[in-house]
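Reproduced below: run20.csv, with CSV, C-alpha atoms.
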chain,number,residue,atom,x,y,z
M,1,MET,CA,19.7,2.4,23.3
M,2,ASN,CA,21.5,2.4,20.0
M,3,ILE,CA,19.3,1.3,17.3
M,4,GLN,CA,21.1,-0.4,14.5
M,5,SER,CA,19.6,-1.1,11.0
M,6,CYS,CA,21.3,-3.4,8.6
M,7,VAL,CA,21.0,-4.2,4.9
M,8,GLU,CA,22.4,-7.3,3.4
M,9,VAL,CA,24.2,-6.5,0.2
M,10,CYS,CA,24.3,-9.2,-2.5
M,11,ASN,CA,23.1,-7.5,-5.6
M,12,GLU,CA,23.0,-4.0,-7.2
M,13,TRP,CA,19.6,-3.2,-5.9
M,14,ASP,CA,20.7,-3.8,-2.3
M,15,ILE,CA,23.1,-0.9,-2.8
M,16,VAL,CA,20.1,1.3,-3.4
M,17,SER,CA,18.3,0.1,-0.3
M,18,ALA,CA,21.4,0.6,1.8
M,19,ARG,CA,21.6,4.1,0.5
M,20,GLN,CA,18.0,4.8,1.2
M,21,LEU,CA,18.3,3.5,4.8
M,22,GLY,CA,21.3,5.8,5.3
M,23,ARG,CA,19.6,8.8,3.9
M,24,ASN,CA,16.5,8.4,6.1
M,25,MET,CA,18.7,7.9,9.2
M,26,ALA,CA,20.8,11.0,8.3
M,27,LYS,CA,17.6,13.0,7.8
M,28,GLU,CA,16.2,11.8,11.2
M,29,LEU,CA,19.4,12.7,13.0
M,30,GLY,CA,19.2,16.2,11.6
M,31,PHE,CA,22.0,16.3,9.0
M,32,GLY,CA,21.8,19.0,6.4
M,33,ASN,CA,21.5,18.4,2.7
M,34,VAL,CA,25.1,18.4,1.9
M,35,ASP,CA,26.0,16.0,4.7
M,36,GLN,CA,23.1,13.7,3.7
M,37,ALA,CA,24.6,13.6,0.2
M,38,ARG,CA,28.0,12.8,1.6
M,39,ILE,CA,26.7,10.0,3.8
M,40,THR,CA,24.6,8.4,1.0
M,41,THR,CA,27.6,8.6,-1.4
M,42,ALA,CA,29.9,7.0,1.2
M,43,ILE,CA,27.4,4.2,1.8
M,44,SER,CA,27.1,3.8,-1.9
M,45,GLU,CA,30.8,3.4,-2.3
M,46,LEU,CA,31.1,0.9,0.6
M,47,ALA,CA,28.1,-1.1,-0.6
M,48,ARG,CA,29.5,-1.2,-4.1
M,49,ASN,CA,32.8,-2.4,-2.9
M,50,ILE,CA,31.1,-5.3,-1.0
M,51,TYR,CA,29.1,-6.2,-4.1
M,52,LEU,CA,32.1,-5.9,-6.5
M,53,TYR,CA,34.9,-7.5,-4.4
M,54,ALA,CA,33.3,-9.7,-1.7
M,55,GLY,CA,30.0,-10.8,-3.4
M,56,ASN,CA,28.0,-10.3,-0.3
M,57,GLY,CA,28.2,-8.7,3.1
M,58,LYS,CA,26.2,-6.2,5.0
M,59,ILE,CA,26.0,-2.5,5.8
M,60,CYS,CA,24.8,-1.5,9.3
M,61,ILE,CA,23.9,2.0,10.2
M,62,GLU,CA,23.5,3.3,13.7
M,63,ALA,CA,23.4,6.6,15.7
M,64,ALA,CA,26.7,7.3,17.4
M,65,GLU,CA,27.6,9.4,20.4
M,66,LYS,CA,30.9,10.6,21.7
M,67,MET,CA,31.8,13.4,24.1
M,68,GLY,CA,28.4,15.1,23.7
M,69,LYS,CA,28.6,14.9,19.9
M,70,ARG,CA,26.0,13.0,18.0
M,71,GLY,CA,26.5,11.4,14.6
M,72,LEU,CA,26.0,8.5,12.3
M,73,LYS,CA,28.1,5.5,12.0
M,74,ILE,CA,28.3,3.2,9.0
M,75,ILE,CA,29.7,-0.3,9.5
M,76,ALA,CA,30.4,-2.3,6.4
M,77,THR,CA,31.4,-5.9,6.9
M,78,ASP,CA,32.0,-8.8,4.5
M,79,ASN,CA,33.7,-12.2,4.5
M,80,GLY,CA,35.3,-11.6,1.2
M,81,PRO,CA,38.9,-12.1,0.1
M,82,GLY,CA,40.2,-9.2,2.2
M,83,ILE,CA,42.7,-6.5,1.2
M,84,LYS,CA,46.3,-7.3,0.8
M,85,ASP,CA,47.8,-3.9,0.9
M,86,ILE,CA,45.6,-1.4,2.8
M,87,ARG,CA,48.0,1.5,2.2
M,88,LYS,CA,47.7,1.0,-1.5
M,89,VAL,CA,43.9,1.0,-1.6
M,90,MET,CA,43.9,4.2,0.3
M,91,GLU,CA,45.8,5.9,-2.4
M,92,ASP,CA,43.9,7.9,-5.0
M,93,GLY,CA,43.7,6.2,-8.4
M,94,TYR,CA,44.5,2.7,-7.3
M,95,THR,CA,42.0,0.2,-8.7
M,96,THR,CA,41.9,-3.5,-9.5
M,97,SER,CA,38.5,-3.3,-11.3
M,98,GLY,CA,39.1,-0.6,-13.9
M,99,GLY,CA,37.2,2.0,-12.0
M,100,LEU,CA,38.3,5.4,-10.9
M,101,GLY,CA,40.1,4.2,-7.8
M,102,ALA,CA,38.6,7.0,-5.7
M,103,GLY,CA,36.2,4.9,-3.6
M,104,LEU,CA,37.9,4.3,-0.3
M,105,PRO,CA,40.0,7.4,-0.1
M,106,GLY,CA,36.9,9.3,-1.2
M,107,VAL,CA,34.9,7.8,1.7
M,108,LYS,CA,37.6,8.8,4.1
M,109,ARG,CA,37.3,12.4,2.9
M,110,LEU,CA,33.5,12.3,2.9
M,111,MET,CA,33.3,11.2,6.5
M,112,ASP,CA,34.9,12.5,9.7
M,113,GLU,CA,36.3,9.2,11.0
M,114,PHE,CA,37.4,6.2,9.1
M,115,MET,CA,38.7,2.8,10.3
M,116,ILE,CA,39.5,-0.1,8.2
M,117,ASP,CA,40.4,-3.6,9.3
M,118,SER,CA,41.0,-6.4,6.8
M,119,VAL,CA,42.4,-9.9,7.0
M,120,VAL,CA,43.4,-11.6,3.8
M,121,GLY,CA,41.2,-14.6,3.3
M,122,SER,CA,38.7,-13.8,5.9
M,123,GLY,CA,37.1,-10.5,5.2
M,124,THR,CA,37.0,-6.7,5.7
M,125,GLU,CA,35.4,-4.4,8.2
M,126,ILE,CA,35.1,-0.7,7.6
M,127,ILE,CA,33.7,1.7,10.2
M,128,ALA,CA,33.1,5.3,9.1
M,129,THR,CA,31.5,8.0,11.2
M,130,LYS,CA,30.1,11.5,10.5
M,131,TRP,CA,29.5,13.9,13.3
M,132,LEU,CA,26.7,16.5,13.5
M,133,ARG,CA,28.0,20.0,13.5
D,1,MET,CA,-12.6,-41.5,-4.0
D,2,ASN,CA,-13.8,-43.6,-1.2
D,3,ALA,CA,-17.6,-43.8,-1.4
D,4,GLU,CA,-18.0,-44.0,2.4
D,5,THR,CA,-16.0,-40.8,3.0
D,6,MET,CA,-17.9,-39.1,0.3
D,7,ASN,CA,-21.2,-40.0,2.0
D,8,VAL,CA,-20.0,-38.7,5.3
D,9,ILE,CA,-19.0,-35.4,3.7
D,10,GLN,CA,-22.3,-35.1,1.8
D,11,MET,CA,-24.3,-35.9,4.9
D,12,LYS,CA,-22.4,-33.4,7.0
D,13,ARG,CA,-22.6,-30.7,4.5
D,14,SER,CA,-24.5,-28.3,6.7
D,15,ARG,CA,-22.1,-28.9,9.6
D,16,ILE,CA,-19.1,-28.2,7.4
D,17,LYS,CA,-20.8,-25.0,6.2
D,18,GLU,CA,-21.3,-23.9,9.7
D,19,LEU,CA,-17.8,-24.5,10.8
D,20,TRP,CA,-16.5,-22.9,7.6
D,21,GLU,CA,-18.4,-19.7,8.2
D,22,GLN,CA,-17.3,-19.6,11.8
D,23,GLU,CA,-13.6,-19.9,10.9
D,24,LEU,CA,-13.4,-17.8,7.8
D,25,GLY,CA,-15.9,-15.2,9.0
D,26,GLY,CA,-13.3,-13.8,11.2
D,27,PHE,CA,-10.8,-13.2,8.3
D,28,LYS,CA,-9.9,-9.6,8.4
D,29,THR,CA,-8.1,-7.6,5.8
D,30,GLU,CA,-7.4,-3.9,5.2
D,31,THR,CA,-6.6,-4.1,1.5
D,32,SER,CA,-10.1,-4.9,0.3
D,33,ALA,CA,-13.2,-2.6,0.5
D,34,MET,CA,-15.7,-5.5,0.5
D,35,THR,CA,-19.0,-5.2,2.3
D,36,PRO,CA,-19.9,-8.0,4.7
D,37,HIS,CA,-22.6,-9.2,2.3
D,38,MET,CA,-20.1,-9.5,-0.6
D,39,TYR,CA,-17.7,-11.2,1.7
D,40,ASN,CA,-20.2,-13.8,2.8
D,41,GLU,CA,-21.1,-14.4,-0.8
D,42,LEU,CA,-17.4,-14.9,-1.7
D,43,ASN,CA,-17.0,-17.3,1.2
D,44,ARG,CA,-20.0,-19.3,0.1
D,45,GLU,CA,-18.7,-19.5,-3.5
D,46,PHE,CA,-15.3,-20.6,-2.2
D,47,LEU,CA,-16.9,-23.4,-0.2
D,48,ASP,CA,-19.1,-24.5,-3.1
D,49,LEU,CA,-16.1,-24.6,-5.2
D,50,LEU,CA,-14.2,-26.8,-2.8
D,51,MET,CA,-17.3,-29.0,-2.3
D,52,ASN,CA,-17.5,-29.4,-6.1
D,53,HIS,CA,-13.8,-30.3,-6.1
D,54,VAL,CA,-14.5,-33.1,-3.8
D,55,SER,CA,-17.7,-34.4,-5.3
D,56,LEU,CA,-17.5,-33.6,-9.1
D,57,GLY,CA,-13.8,-33.5,-10.0
D,58,ASP,CA,-10.6,-31.6,-10.0
D,59,ILE,CA,-11.2,-27.9,-10.2
D,60,SER,CA,-7.5,-27.1,-10.7
D,61,GLU,CA,-7.8,-28.7,-14.2
D,62,ASP,CA,-10.9,-27.1,-15.8
D,63,GLY,CA,-10.3,-23.4,-15.1
D,64,THR,CA,-12.9,-22.9,-12.4
D,65,LEU,CA,-10.1,-22.3,-9.9
D,66,GLU,CA,-8.5,-19.8,-12.1
D,67,ARG,CA,-11.7,-17.8,-12.4
D,68,PHE,CA,-12.2,-17.8,-8.7
D,69,PHE,CA,-8.6,-16.8,-8.2
D,70,ASP,CA,-9.0,-13.9,-10.6
D,71,LYS,CA,-12.1,-12.8,-8.8
D,72,VAL,CA,-10.4,-12.8,-5.4
D,73,LEU,CA,-7.5,-10.8,-6.6
D,74,ARG,CA,-9.7,-8.3,-8.4
D,75,ALA,CA,-11.6,-7.7,-5.2
D,76,ASN,CA,-8.2,-6.9,-3.7
D,77,MET,CA,-8.3,-9.8,-1.3
D,78,PRO,CA,-4.8,-11.0,-0.2
D,79,LEU,CA,-3.5,-14.3,-1.4
D,80,GLU,CA,-3.6,-15.3,2.3
D,81,TYR,CA,-7.4,-15.6,2.0
D,82,ILE,CA,-7.1,-18.5,-0.4
D,83,THR,CA,-4.4,-20.3,1.4
D,84,GLN,CA,-6.0,-19.9,4.7
D,85,GLY,CA,-9.3,-21.0,3.2
D,86,LEU,CA,-7.7,-24.2,1.9
D,87,GLN,CA,-6.1,-25.0,5.2
D,88,THR,CA,-9.4,-24.4,7.0
D,89,TYR,CA,-11.3,-26.6,4.6
D,90,ARG,CA,-8.8,-29.4,5.0
D,91,ARG,CA,-9.0,-29.1,8.8
D,92,ILE,CA,-12.8,-29.1,8.8
D,93,ILE,CA,-13.1,-32.1,6.5
D,94,LEU,CA,-10.8,-34.1,8.7
D,95,GLU,CA,-12.5,-33.1,11.9
D,96,VAL,CA,-15.9,-33.9,10.5
D,97,VAL,CA,-14.9,-37.2,9.1
D,98,LEU,CA,-13.0,-38.3,12.2
D,99,GLU,CA,-16.1,-37.5,14.3
D,100,GLU,CA,-17.3,-40.8,13.0
D,101,ASP,CA,-16.1,-43.8,14.9
D,102,LEU,CA,-13.5,-45.1,12.6
D,103,ASN,CA,-10.6,-47.5,13.2
D,104,LYS,CA,-7.1,-46.3,12.8
D,105,ASP,CA,-6.3,-47.7,9.3
D,106,VAL,CA,-9.4,-46.1,7.8
D,107,ALA,CA,-8.6,-42.8,9.4
D,108,ILE,CA,-5.1,-42.8,8.0
D,109,GLU,CA,-6.4,-43.7,4.6
D,110,ILE,CA,-8.8,-40.8,4.8
D,111,TYR,CA,-6.1,-38.4,5.9
D,112,ARG,CA,-4.0,-39.4,3.0
D,113,GLU,CA,-6.9,-39.0,0.6
D,114,VAL,CA,-7.7,-35.5,1.8
D,115,ASP,CA,-4.1,-34.5,1.3
D,116,TYR,CA,-4.3,-36.0,-2.1
D,117,TRP,CA,-7.3,-33.8,-3.1
D,118,MET,CA,-6.1,-30.6,-1.6
D,119,ASP,CA,-2.5,-30.6,-2.8
D,120,PRO,CA,-3.2,-29.9,-6.5
D,121,ILE,CA,-5.3,-26.9,-5.6
D,122,LEU,CA,-2.6,-25.5,-3.4
D,123,ASN,CA,0.0,-26.1,-6.0
D,124,LYS,CA,-2.1,-24.4,-8.6
D,125,VAL,CA,-2.7,-21.4,-6.4
D,126,VAL,CA,1.0,-21.0,-5.8
D,127,THR,CA,2.0,-21.4,-9.4
D,128,ASN,CA,-0.7,-19.0,-10.5
D,129,SER,CA,0.3,-16.2,-8.1
D,130,SER,CA,4.0,-16.6,-8.7
D,131,ARG,CA,3.4,-16.5,-12.5
D,132,LEU,CA,1.3,-13.3,-12.0
D,133,TRP,CA,4.1,-11.7,-10.0
D,134,GLU,CA,6.8,-12.7,-12.5
D,135,ARG,CA,4.8,-11.2,-15.3
D,136,THR,CA,4.2,-7.9,-13.5
D,137,VAL,CA,7.9,-7.6,-12.6
D,138,SER,CA,9.1,-8.3,-16.1
D,139,ILE,CA,6.6,-5.9,-17.6
D,140,GLN,CA,7.7,-3.2,-15.2
D,141,LYS,CA,11.3,-4.0,-15.8
D,142,SER,CA,10.9,-3.5,-19.6
D,143,ALA,CA,8.8,-0.4,-19.0
D,144,LEU,CA,11.6,1.0,-16.9
D,145,LEU,CA,14.2,0.2,-19.5
D,146,GLU,CA,12.2,2.0,-22.1
D,147,LEU,CA,12.1,5.1,-19.9
D,148,SER,CA,15.7,4.6,-19.0
D,149,ALA,CA,17.9,6.7,-21.2
D,150,PRO,CA,16.3,8.6,-24.1
D,151,LEU,CA,18.3,11.0,-26.2
D,152,ILE,CA,16.1,13.8,-27.4
D,153,PRO,CA,17.1,16.1,-30.3
D,154,VAL,CA,16.1,19.6,-29.3
D,155,PHE,CA,17.7,22.0,-31.8
D,156,GLN,CA,19.7,21.3,-34.9
D,157,HIS,CA,22.9,19.5,-33.8
D,158,ILE,CA,21.9,19.7,-30.2
D,159,SER,CA,20.5,16.8,-28.2
D,160,VAL,CA,19.6,16.3,-24.5
D,161,MET,CA,19.8,13.1,-22.4
D,162,PRO,CA,17.9,13.6,-19.2
D,163,LEU,CA,18.8,11.0,-16.5
D,164,ILE,CA,16.4,10.3,-13.7
D,165,GLY,CA,16.9,7.8,-10.9
D,166,THR,CA,19.6,5.4,-9.9
D,167,ILE,CA,22.2,4.4,-12.4
D,168,ASP,CA,23.2,0.7,-12.3
D,169,THR,CA,25.5,-1.2,-14.6
D,170,GLU,CA,22.8,-2.2,-16.9
D,171,ARG,CA,21.5,1.3,-17.3
D,172,ALA,CA,25.0,2.7,-17.7
D,173,LYS,CA,25.5,0.4,-20.7
D,174,LEU,CA,22.2,1.6,-22.2
D,175,ILE,CA,23.1,5.2,-21.6
D,176,MET,CA,26.4,4.7,-23.5
D,177,GLU,CA,24.6,2.9,-26.4
D,178,ASN,CA,21.8,5.3,-26.8
D,179,LEU,CA,24.1,8.3,-26.5
D,180,LEU,CA,26.5,7.1,-29.3
D,181,GLU,CA,23.7,5.9,-31.6
D,182,GLY,CA,21.8,9.1,-31.1
D,183,VAL,CA,24.8,11.3,-31.8
D,184,ILE,CA,25.2,9.6,-35.1
D,185,GLN,CA,21.5,9.5,-36.0
D,186,TYR,CA,20.7,13.1,-35.2
D,187,ARG,CA,24.2,14.4,-36.2
D,188,SER,CA,24.5,16.1,-32.9
D,189,GLN,CA,27.5,18.3,-32.4
D,190,VAL,CA,26.6,18.9,-28.7
D,191,VAL,CA,25.0,16.5,-26.3
D,192,LEU,CA,23.8,17.7,-22.9
D,193,ILE,CA,23.6,15.1,-20.2
D,194,ASP,CA,21.3,16.3,-17.4
D,195,ILE,CA,21.8,14.6,-14.0
D,196,THR,CA,19.4,16.7,-12.0
D,197,GLY,CA,17.3,13.6,-11.3
D,198,VAL,CA,20.2,11.3,-10.3
D,199,PRO,CA,20.1,11.0,-6.5
D,200,VAL,CA,23.7,9.9,-5.8
D,201,VAL,CA,26.8,10.4,-7.9
D,202,ASP,CA,29.4,8.0,-6.6
D,203,THR,CA,32.6,6.9,-8.3
D,204,MET,CA,30.9,4.3,-10.4
D,205,VAL,CA,28.3,6.7,-11.8
D,206,ALA,CA,31.0,9.3,-12.4
D,207,HIS,CA,33.1,6.8,-14.1
D,208,HIS,CA,30.3,5.8,-16.5
D,209,ILE,CA,29.6,9.4,-17.3
D,210,ILE,CA,33.2,10.1,-17.9
D,211,GLN,CA,33.5,7.1,-20.2
D,212,ALA,CA,30.3,8.1,-22.1
D,213,ALA,CA,31.6,11.7,-22.5
D,214,ASP,CA,34.9,10.4,-23.7
D,215,ALA,CA,33.3,8.2,-26.3
D,216,VAL,CA,31.2,11.1,-27.5
D,217,ARG,CA,34.4,13.1,-27.9
D,218,LEU,CA,35.9,10.4,-30.0
D,219,LEU,CA,32.9,10.8,-32.4
D,220,GLY,CA,33.9,14.5,-32.7
D,221,SER,CA,31.0,15.9,-30.7
D,222,THR,CA,31.0,17.7,-27.4
D,223,CYS,CA,29.4,16.5,-24.2
D,224,ILE,CA,28.2,19.0,-21.6
D,225,LEU,CA,27.3,17.7,-18.1
D,226,VAL,CA,24.5,19.8,-16.6
D,227,GLY,CA,22.2,19.7,-13.6
D,228,ILE,CA,24.9,19.4,-11.0
D,229,ARG,CA,23.3,20.3,-7.7
D,230,PRO,CA,25.5,22.0,-5.1
D,231,GLU,CA,25.6,19.0,-2.7
D,232,ILE,CA,26.6,16.7,-5.6
D,233,ALA,CA,29.3,19.2,-6.6
D,234,GLN,CA,30.7,19.0,-3.0
D,235,THR,CA,30.7,15.2,-2.9
D,236,ILE,CA,32.3,14.9,-6.3
D,237,VAL,CA,35.1,17.2,-5.1
D,238,SER,CA,35.5,15.2,-1.8
D,239,LEU,CA,35.6,12.0,-3.8
D,240,GLY,CA,38.4,13.5,-5.9
D,241,ILE,CA,36.8,12.8,-9.2
D,242,ASP,CA,38.3,14.8,-12.0
D,243,LEU,CA,35.6,16.1,-14.3
D,244,SER,CA,37.7,18.8,-16.0
D,245,LEU,CA,37.9,16.9,-19.2
D,246,PHE,CA,34.6,18.2,-20.4
D,247,PRO,CA,32.5,21.3,-19.8
D,248,THR,CA,30.0,21.3,-17.0
D,249,ARG,CA,27.1,23.7,-16.2
D,250,SER,CA,24.8,24.0,-13.2
D,251,THR,CA,21.5,24.0,-15.1
D,252,LEU,CA,20.2,22.7,-18.4
D,253,GLN,CA,19.4,26.3,-19.4
D,254,LYS,CA,23.1,27.4,-19.0
D,255,GLY,CA,24.2,24.3,-20.8
D,256,MET,CA,21.8,25.0,-23.7
D,257,GLU,CA,23.2,28.6,-24.0
D,258,GLN,CA,26.6,27.2,-24.4
D,259,ALA,CA,25.5,24.5,-26.8
D,260,LEU,CA,23.9,27.2,-29.0
D,261,ASP,CA,27.2,29.1,-28.8
D,262,ILE,CA,29.2,26.1,-29.9
D,263,THR,CA,26.9,25.4,-32.8
D,264,ASN,CA,26.8,29.1,-33.9
D,265,GLN,CA,23.1,29.3,-33.4
D,266,GLN,CA,21.0,32.0,-31.7
D,267,ILE,CA,17.6,32.3,-30.4
D,268,VAL,CA,16.2,35.7,-31.4
D,269,LYS,CA,13.0,37.4,-30.5
D,270,GLU,CA,10.9,38.4,-33.4
D,271,LYS,CA,9.7,42.0,-33.4

I need this file expressed as structure tokens, please.
Amino acid sequence: MNIQSCVEVCNEWDIVSARQLGRNMAKELGFGNVDQARITTAISELARNIYLYAGNGKICIEAAEKMGKRGLKIIATDNGPGIKDIRKVMEDGYTTSGGLGAGLPGVKRLMDEFMIDSVVGSGTEIIATKWLR
Amino acid sequence: MNAETMNVIQMKRSRIKELWEQELGGFKTETSAMTPHMYNELNREFLDLLMNHVSLGDISEDGTLERFFDKVLRANMPLEYITQGLQTYRRIILEVVLEEDLNKDVAIEIYREVDYWMDPILNKVVTNSSRLWERTVSIQKSALLELSAPLIPVFQHISVMPLIGTIDTERAKLIMENLLEGVIQYRSQVVLIDITGVPVVDTMVAHHIIQAADAVRLLGSTCILVGIRPEIAQTIVSLGIDLSLFPTRSTLQKGMEQALDITNQQIVKEK
């Protein structure tokens, strides 16, 4: 019954549409203002990472359910170069593009659950979930 | 143009018309508020145009097609109306001509010929519409850029830059340029950047704002970030973005008070 909506990310405007999709979904699920902002920001970070490092990929958003809790799950996948040292990218301030280096650790803090799986040379998948309180 | 085919088409004109009205009469659209009478009129004109194309000469060359195209779009009819009309016409002509008892070679010849008439029209329609779209998009893009990042001098030495909407790389560059140029031009001591209208502040947006503020600081002026909504404040903290390098205020009003303070100005009520 899980409905999944996806947005292909290959340019900057796709980041905006991924964000809008996430915001609408979060609103429908009944997330409050602050959590909506958290979810959209997390999607924005993940989509931007895809655009910056992998070139293209996709963001899928679906409703999640676990032990009576409901929530929203973001799945970001790409077939980019992959991440060599995951521990390092999860450190605050580590960046290879001259940015702030707060993206991935930031997403982890914005969301409740965070999973990252990356294989060098074949791509990255990140799954992040936010539960309704 | 093969004279015999022409003759057949001329002879069967009423039959073509009948088939045409049958097929296109059912064309439905929600975008246009045309009355049935107007619609029939348009259909008739379309058929006449295509008939002229066959008997008199290429309508994609002399501007007749463009005029009709404009008319259709002004009536809010979809482009589909034209493409469907062209396909219908091609089908009808072939049907009608092939109703005659013809041998295979002649039929193939006719088939080829019909394709040969219709293709320039179709090409023209496609180029026309895509050019129209491209023009609209480029106009809107430049309009958007003009609205993008204005720096407004408000009081002596105080300017405001209100930001509304999504900030992408191109816009970020523009913000930086306008900000620095404006600071010099208006001799601003304080610049207020208002982000009330920015829907999402992620690390990239924050990074650009920090850079802009830093550059303003190098010019000897102060940058105050205002319009930070509570939910944005929370996400900024969660992301771990350090905005402590420059002053921030929740609203433009509070920022303005501070700016007046910095520039030693006061707003006093006259008695």

Report as a list in words the set of chain D residues whose atoms approach chain M to within 8 Å, with distances computed over all atoms listed in the file.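 Written out as asked, the residues are Thr166, Asp168, Val200, Val201, Asp202, Thr203, Met204, His207, Pro230, Glu231, Ile232, Gln234, Thr235, Ser238, Leu239, Gly240 and Ile241 of chain D.
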
Fewer than 2 positions away in the same chain doesn't count, so skip those; otherwise give me all residues within 6 Å of range 78-89 of chain M, counting only C-alpha atoms, as a ChimeraX atom specification. /M:54,57,91,94,118-124

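Proximity of D:Met34, D:Val96, D:Ile139, D:Ile193 to Thr5 in chain D, computed with all atoms listed in the file, is greatest for D:Val96.
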
Who sits within 10 Å of Asp14 in chain M, all atoms listed in the file, same chain under 2 positions skipped, as a PyMOL selection string: chain M and resi 7-12+16-20+44+47-48+51+56+58-59

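Taking CA of Val125 in chain D as the reference point, CA of Met77 in chain D is found at 13.9 Å.
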
Go ahead and compute the interatomic distance for CA of Arg187 in chain D and CA of Ser159 in chain D, in Å to one decimal. 9.1 Å

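Those residues that approach range 113-117 of chain M to within 7 Å, counting only C-alpha atoms, are Thr124, Glu125, Ile126, Ile127, Ala128, Thr129 and Lys130 of chain M; same-chain residues fewer than 6 positions away are not listed.
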
Hey, could you patch up range 177-190 of chain D with N, CA and C atoms and hand it over as a short mmCIF file (atom, residue, chain, number, x, y, z; two decimals), in the coordinates of the input?
data_model
loop_
_atom_site.label_atom_id
_atom_site.label_comp_id
_atom_site.auth_asym_id
_atom_site.auth_seq_id
_atom_site.Cartn_x
_atom_site.Cartn_y
_atom_site.Cartn_z
N GLU D 177 25.11 3.28 -25.09
CA GLU D 177 24.60 2.90 -26.40
C GLU D 177 23.74 3.93 -27.03
N ASN D 178 22.72 4.36 -26.27
CA ASN D 178 21.80 5.30 -26.80
C ASN D 178 22.46 6.64 -27.17
N LEU D 179 23.41 7.02 -26.32
CA LEU D 179 24.10 8.30 -26.50
C LEU D 179 24.87 8.22 -27.87
N LEU D 180 25.63 7.16 -28.06
CA LEU D 180 26.50 7.10 -29.30
C LEU D 180 25.61 6.92 -30.52
N GLU D 181 24.60 6.05 -30.42
CA GLU D 181 23.70 5.90 -31.60
C GLU D 181 23.02 7.16 -31.93
N GLY D 182 22.52 7.85 -30.90
CA GLY D 182 21.80 9.10 -31.10
C GLY D 182 22.64 10.16 -31.72
N VAL D 183 23.88 10.25 -31.26
CA VAL D 183 24.80 11.30 -31.80
C VAL D 183 24.96 11.12 -33.28
N ILE D 184 25.09 9.85 -33.71
CA ILE D 184 25.20 9.60 -35.10
C ILE D 184 23.92 9.89 -35.87
N GLN D 185 22.83 9.35 -35.31
CA GLN D 185 21.50 9.50 -36.00
C GLN D 185 21.06 10.90 -36.14
N TYR D 186 21.22 11.70 -35.10
CA TYR D 186 20.70 13.10 -35.20
C TYR D 186 21.83 14.05 -35.58
N ARG D 187 22.99 13.54 -35.88
CA ARG D 187 24.20 14.40 -36.20
C ARG D 187 24.36 15.47 -35.17
N SER D 188 24.38 15.08 -33.94
CA SER D 188 24.50 16.10 -32.90
C SER D 188 25.96 16.52 -32.77
N GLN D 189 26.14 17.83 -32.64
CA GLN D 189 27.50 18.30 -32.40
C GLN D 189 27.67 18.46 -30.85
N VAL D 190 26.55 18.72 -30.18
CA VAL D 190 26.60 18.90 -28.70
C VAL D 190 25.56 18.01 -28.08
#
